[in-house]
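Working notes for the structure below.
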Amino acid sequence: MSAAPRTTAARTTAARTAATRVARLPRGITLRYSGRTATVLALLLVCCVAVWTLTLFTGTYRIDAAHIADVLFAGGGSATDRFIVVGQRLPRVCAALLVGAALGLSGALFQSLSRNPLGSPDVIGFTTGSTSGALVVILAGGGSAGVGVGAGSVLGGLCTAVVVYAFTASRGVSGNRLVLAGIAVGAMLSSVNDFLLTRADLESAESAKAWTFGSLNAVSWPQVTPLALALPVLAVATLALGRPLRLMEMGDDTAGALGVNVTRIRVLCLLMGVALAGTAVAVAGPIGFLALAAPQLARRITRSPGPPIGSAMLTGALILATADLLAQRVLAPFQIPVGLVTGALGGVYLLWLLSREKKTDRSA
C-alpha cells in the first residue's frame, strides 16, 4: 500500500519538473519558468502591442492608418502628421508602457522583500519620497522638467529608503515593520509636499500640483529616454536576484542557511526598487495603486510561487497603457490625468479582493 503513494508523489514531482523550463541568460543567470507563465507572458505582450497600436492609430486628431505607417516607417507625411504621431502619441504610449513596467517590477520587488501584499512603493512611502525630491527641483526651477527632476526623484526615494530602513533595521527588517515604518514616513513626507506647494508662487504651484496627480499629457522623448535606458538594466539585475528572493520568501533564517546573504540582497532590492519607482515618478508623477495591484494580479494569473518579475512588468505596462488610453478617450477632447484612472481602478481592485475574502470566510 505504501508503493502507491510513492508512485503518485514521484509522478507529481516528475510532472512539475517537466513543466518547469530553464532559460540560461548571459553572465550565468538561470531563469526557471513554467509553461503557464510563458503562455501568460505571450498573451500580455500581445495585449500590450494591441493597446500600443490602438493608441497610436486613433485619437482626436484623425490621421489615416496609411499616413501613420508612412510617418513611422518611411519618415514621410506632413509636418503636422509627424508632430502628432512622433512628437505626441508615440512618446506618450511608450512612456505608459515603460512607466507601468517599472512600477510593476518595483512593486514585485518590495512585496517579495517584505513578504506582504501591501509592500508596494506607493504604500510604504518611497513614491512619496520621490515626489518630494522631484517637487523641490520643479519648484526651484520654476516648473521645468528634465534630468534634474529625475535625479531629484531618485534621490528623494533613496533618502526615504534610508530613513525607513534605519527605523526597521535595529530590530530586524520584517514585513509588517517595514510597511508600518514606510506608512509613517510617507505620511510625514506628504505633509512636507503640501507645505512646499503652499510656499511656491501660484504658477509653479499649479504646475507642480497638476504633476502630483500623475499624468502623461505632456510627456516627451527627453523624459522617456532615461527610463528606456535604465529599465532593461534594472530588469536584468532583478532577474539575477530571482533565486535569492524566492528563498527569502521562506524566511531570513532559512535563506541564510541555504547560503543567501540576506542583508546584501535586501539592500540591493531596496536600491533597485527605489531606482525603478524614482525614474517612473520622474516621467509621469506619482501614480497610485499600480505597483500594488500589478504584482498581485501577475502572481494570480501565473500561479507563480516566487516573485513574478516578467509578468509583473507586462501586467503593469498593460494596466497603465490601458488606463492612459481611457484617460485620453473617455472625456475627449478633454484629457484627465492617468493617475486618477489608476486610482479608480485600484479602488475597484481592493473592493474585489475584499469580496473574495468575504466569500472565503463564508465557505470556511
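The way I read the labels, and the way they are meant: chains A, B, ... in the order of the C-alpha cells, residue 1 as the first residue of every chain, and ligand 1 as the first ligand shown, with later ones counted on from there.
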What lies within 10 Å of A:Val86 using only C-alpha atoms, ignoring chain neighbours under 4 positions off, as a compact mmCIF listing (two decimals) with N, CA, C and O atoms, in the first residue's frame?
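Output contents, as saved in part.txt:
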```txt
# COMPACT_ATOMS: atom_id res chain seq x y z
N LEU A 56 -1.81 54.54 -30.91
CA LEU A 56 -1.04 55.24 -31.93
C LEU A 56 -1.89 55.58 -33.16
O LEU A 56 -1.70 56.62 -33.78
N ILE A 68 -0.12 57.21 -41.09
CA ILE A 68 0.63 56.92 -39.87
C ILE A 68 1.76 55.94 -40.16
O ILE A 68 2.89 56.10 -39.69
N VAL A 71 4.53 57.74 -41.83
CA VAL A 71 5.31 58.54 -40.88
C VAL A 71 6.27 57.64 -40.10
O VAL A 71 7.45 57.98 -39.89
N LEU A 72 5.78 56.49 -39.66
CA LEU A 72 6.59 55.63 -38.80
C LEU A 72 7.71 54.91 -39.54
O LEU A 72 8.85 54.84 -39.04
N GLY A 75 9.27 57.84 -42.77
CA GLY A 75 9.63 59.21 -42.44
C GLY A 75 8.89 60.24 -43.27
O GLY A 75 9.33 61.39 -43.37
N THR A 80 2.53 68.28 -39.70
CA THR A 80 1.54 68.11 -38.64
C THR A 80 1.39 66.64 -38.26
O THR A 80 1.32 66.29 -37.07
N ASP A 81 1.35 65.77 -39.28
CA ASP A 81 1.23 64.33 -39.00
C ASP A 81 2.44 63.84 -38.21
O ASP A 81 2.29 63.05 -37.27
N ARG A 82 3.61 64.26 -38.60
CA ARG A 82 4.82 63.82 -37.89
C ARG A 82 4.83 64.32 -36.46
O ARG A 82 5.24 63.60 -35.54
N LEU A 90 3.48 58.73 -29.97
CA LEU A 90 4.47 57.68 -29.78
C LEU A 90 5.21 57.81 -28.44
O LEU A 90 5.31 56.81 -27.70
N PRO A 91 5.73 58.98 -28.05
CA PRO A 91 6.38 59.06 -26.74
C PRO A 91 5.41 58.82 -25.58
O PRO A 91 5.80 58.26 -24.56
N ARG A 92 4.14 59.20 -25.78
CA ARG A 92 3.18 59.01 -24.69
C ARG A 92 2.90 57.53 -24.45
O ARG A 92 2.91 57.07 -23.30
N SER A 220 7.44 63.86 -23.23
CA SER A 220 8.21 63.99 -24.46
C SER A 220 9.40 63.03 -24.41
O SER A 220 9.69 62.42 -23.38
N TRP A 221 10.11 62.91 -25.54
CA TRP A 221 11.21 61.96 -25.63
C TRP A 221 12.31 62.20 -24.62
O TRP A 221 12.88 61.23 -24.08
```
**Request:** For A:Phe57, work out the shell of residues within 10 Å, counting only C-alpha atoms and skipping chain neighbours fewer than 3 positions away, then give it as a PyMOL selection string.
**Result:** chain A and resi 51-54+62-69+85+89-90
Export of the given selection (all heavy atoms) as a short mmCIF file (atom, residue, chain, number, x, y, z; two decimals), in the first residue's frame:
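What landed in result-v5.cif:
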```
data_model
loop_
_atom_site.label_atom_id
_atom_site.label_comp_id
_atom_site.auth_asym_id
_atom_site.auth_seq_id
_atom_site.Cartn_x
_atom_site.Cartn_y
_atom_site.Cartn_z
N VAL A 51 -2.77 47.48 -27.45
CA VAL A 51 -3.06 48.80 -26.88
C VAL A 51 -2.13 49.85 -27.49
O VAL A 51 -2.56 50.98 -27.77
CB VAL A 51 -2.90 48.76 -25.34
CG1 VAL A 51 -3.06 50.15 -24.74
CG2 VAL A 51 -3.92 47.82 -24.73
N TRP A 52 -0.87 49.50 -27.71
CA TRP A 52 0.09 50.41 -28.36
C TRP A 52 -0.42 50.81 -29.75
O TRP A 52 -0.40 51.99 -30.11
CB TRP A 52 1.44 49.73 -28.46
CG TRP A 52 2.52 50.55 -29.11
CD1 TRP A 52 3.36 51.42 -28.50
CD2 TRP A 52 2.88 50.55 -30.50
NE1 TRP A 52 4.23 51.98 -29.42
CE2 TRP A 52 3.95 51.46 -30.65
CE3 TRP A 52 2.40 49.88 -31.63
CZ2 TRP A 52 4.55 51.71 -31.89
CZ3 TRP A 52 2.99 50.13 -32.86
CH2 TRP A 52 4.05 51.03 -32.98
N THR A 53 -0.89 49.83 -30.52
CA THR A 53 -1.38 50.11 -31.87
C THR A 53 -2.64 50.96 -31.83
O THR A 53 -2.78 51.93 -32.60
CB THR A 53 -1.68 48.78 -32.59
OG1 THR A 53 -0.50 47.97 -32.59
CG2 THR A 53 -2.12 49.04 -34.03
N LEU A 54 -3.58 50.63 -30.94
CA LEU A 54 -4.82 51.38 -30.84
C LEU A 54 -4.56 52.83 -30.43
O LEU A 54 -5.17 53.77 -30.97
CB LEU A 54 -5.76 50.71 -29.84
CG LEU A 54 -7.17 51.31 -29.69
CD1 LEU A 54 -7.93 51.23 -31.00
CD2 LEU A 54 -7.93 50.60 -28.57
N ARG A 62 -7.65 63.02 -36.35
CA ARG A 62 -7.74 61.81 -37.16
C ARG A 62 -6.72 61.81 -38.29
O ARG A 62 -6.61 62.77 -39.06
CB ARG A 62 -9.15 61.66 -37.74
CG ARG A 62 -10.21 61.47 -36.66
CD ARG A 62 -11.56 61.15 -37.27
NE ARG A 62 -12.57 60.92 -36.24
CZ ARG A 62 -13.83 60.56 -36.48
NH1 ARG A 62 -14.23 60.41 -37.74
NH2 ARG A 62 -14.66 60.37 -35.48
N ILE A 63 -5.98 60.71 -38.36
CA ILE A 63 -4.98 60.51 -39.41
C ILE A 63 -5.20 59.10 -39.98
O ILE A 63 -5.38 58.14 -39.21
CB ILE A 63 -3.54 60.63 -38.88
CG1 ILE A 63 -3.36 61.93 -38.10
CG2 ILE A 63 -2.53 60.56 -40.02
CD1 ILE A 63 -2.00 62.06 -37.44
N ASP A 64 -5.19 58.98 -41.27
CA ASP A 64 -5.38 57.66 -41.89
C ASP A 64 -4.25 56.72 -41.47
O ASP A 64 -3.11 57.13 -41.27
CB ASP A 64 -5.39 57.78 -43.42
CG ASP A 64 -6.61 58.53 -43.93
OD1 ASP A 64 -7.61 58.58 -43.17
OD2 ASP A 64 -6.55 59.05 -45.04
N ALA A 65 -4.60 55.43 -41.38
CA ALA A 65 -3.61 54.43 -40.99
C ALA A 65 -2.44 54.40 -41.96
O ALA A 65 -1.29 54.20 -41.56
CB ALA A 65 -4.28 53.05 -40.91
N ALA A 66 -2.73 54.59 -43.25
CA ALA A 66 -1.65 54.60 -44.24
C ALA A 66 -0.69 55.75 -44.01
O ALA A 66 0.54 55.60 -44.15
CB ALA A 66 -2.24 54.67 -45.65
N HIS A 67 -1.21 56.91 -43.64
CA HIS A 67 -0.37 58.07 -43.37
C HIS A 67 0.48 57.83 -42.11
O HIS A 67 1.65 58.22 -42.06
CB HIS A 67 -1.22 59.32 -43.21
CG HIS A 67 -1.86 59.75 -44.49
ND1 HIS A 67 -2.86 60.71 -44.54
CD2 HIS A 67 -1.67 59.36 -45.78
CE1 HIS A 67 -3.24 60.90 -45.79
NE2 HIS A 67 -2.53 60.07 -46.56
N ILE A 68 -0.12 57.21 -41.09
CA ILE A 68 0.63 56.92 -39.87
C ILE A 68 1.76 55.94 -40.16
O ILE A 68 2.89 56.10 -39.69
CB ILE A 68 -0.31 56.38 -38.77
CG1 ILE A 68 -1.30 57.45 -38.35
CG2 ILE A 68 0.49 55.89 -37.58
CD1 ILE A 68 -2.30 57.00 -37.31
N ALA A 69 1.46 54.91 -40.95
CA ALA A 69 2.51 53.95 -41.33
C ALA A 69 3.61 54.63 -42.14
O ALA A 69 4.79 54.32 -41.97
CB ALA A 69 1.89 52.80 -42.13
N VAL A 85 2.13 62.17 -34.49
CA VAL A 85 2.47 60.76 -34.32
C VAL A 85 3.77 60.59 -33.55
O VAL A 85 3.83 59.87 -32.53
CB VAL A 85 2.55 60.06 -35.69
CG1 VAL A 85 3.01 58.62 -35.53
CG2 VAL A 85 1.18 60.10 -36.38
N ARG A 89 1.93 61.16 -29.79
CA ARG A 89 1.35 59.85 -29.50
C ARG A 89 2.41 58.79 -29.17
O ARG A 89 2.26 58.04 -28.20
CB ARG A 89 0.51 59.37 -30.69
CG ARG A 89 -0.75 60.17 -30.93
CD ARG A 89 -1.55 59.60 -32.09
NE ARG A 89 -2.71 60.42 -32.42
CZ ARG A 89 -3.52 60.18 -33.44
NH1 ARG A 89 -3.28 59.14 -34.25
NH2 ARG A 89 -4.56 60.98 -33.67
N LEU A 90 3.48 58.73 -29.97
CA LEU A 90 4.47 57.68 -29.78
C LEU A 90 5.21 57.81 -28.44
O LEU A 90 5.31 56.81 -27.70
CB LEU A 90 5.45 57.68 -30.94
CG LEU A 90 6.44 56.50 -30.99
CD1 LEU A 90 5.68 55.18 -31.02
CD2 LEU A 90 7.36 56.63 -32.20
#
```
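Between A:Ala50 and the candidates A:Phe73, A:Thr263, A:Leu325, A:Ser215, the tightest atom-to-atom separation, counting only C-alpha atoms, involves A:Leu325.
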**Message:** Please return, as a ChimeraX atom specification, all residues of stretch 15-243 of chain A that DSSP assigns to helix (DSSP H, G or I) on the basis of the backbone.
**Reply:** /A:15-19,26-28,35-57,65-74,79-114,126-140,147-169,175-199,202-212,221-240,242-243
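As for atom CA of A:Leu105 and atom CA of A:Thr342, they are spaced 16.6 Å apart.
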**Item:** Polymer residues at most 10 Å from A:Tyr165, only C-alpha atoms, same-chain spacing of 3 or more positions, as a list in words
**Value:** Cys159, Thr160, Ala161, Val162, Thr168, Ala169, Ser170, Gly172, Val173, Arg177, Leu178, Ala181, Gly182, Val267 and Leu270 of chain A
**Request:** Considering only C-alpha atoms, state which residue in the set A:Gly148, A:Gly156, A:Gly285, A:Pro226 is at the smallest distance from A:Lys209.
**Result:**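 The closest residue to A:Lys209 is A:Gly285.
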**Prompt:** What does the distance from atom CA of A:Ala108 to atom CA of A:Pro295 come to in Å, to one decimal?
**Reply:** 5.1 Å
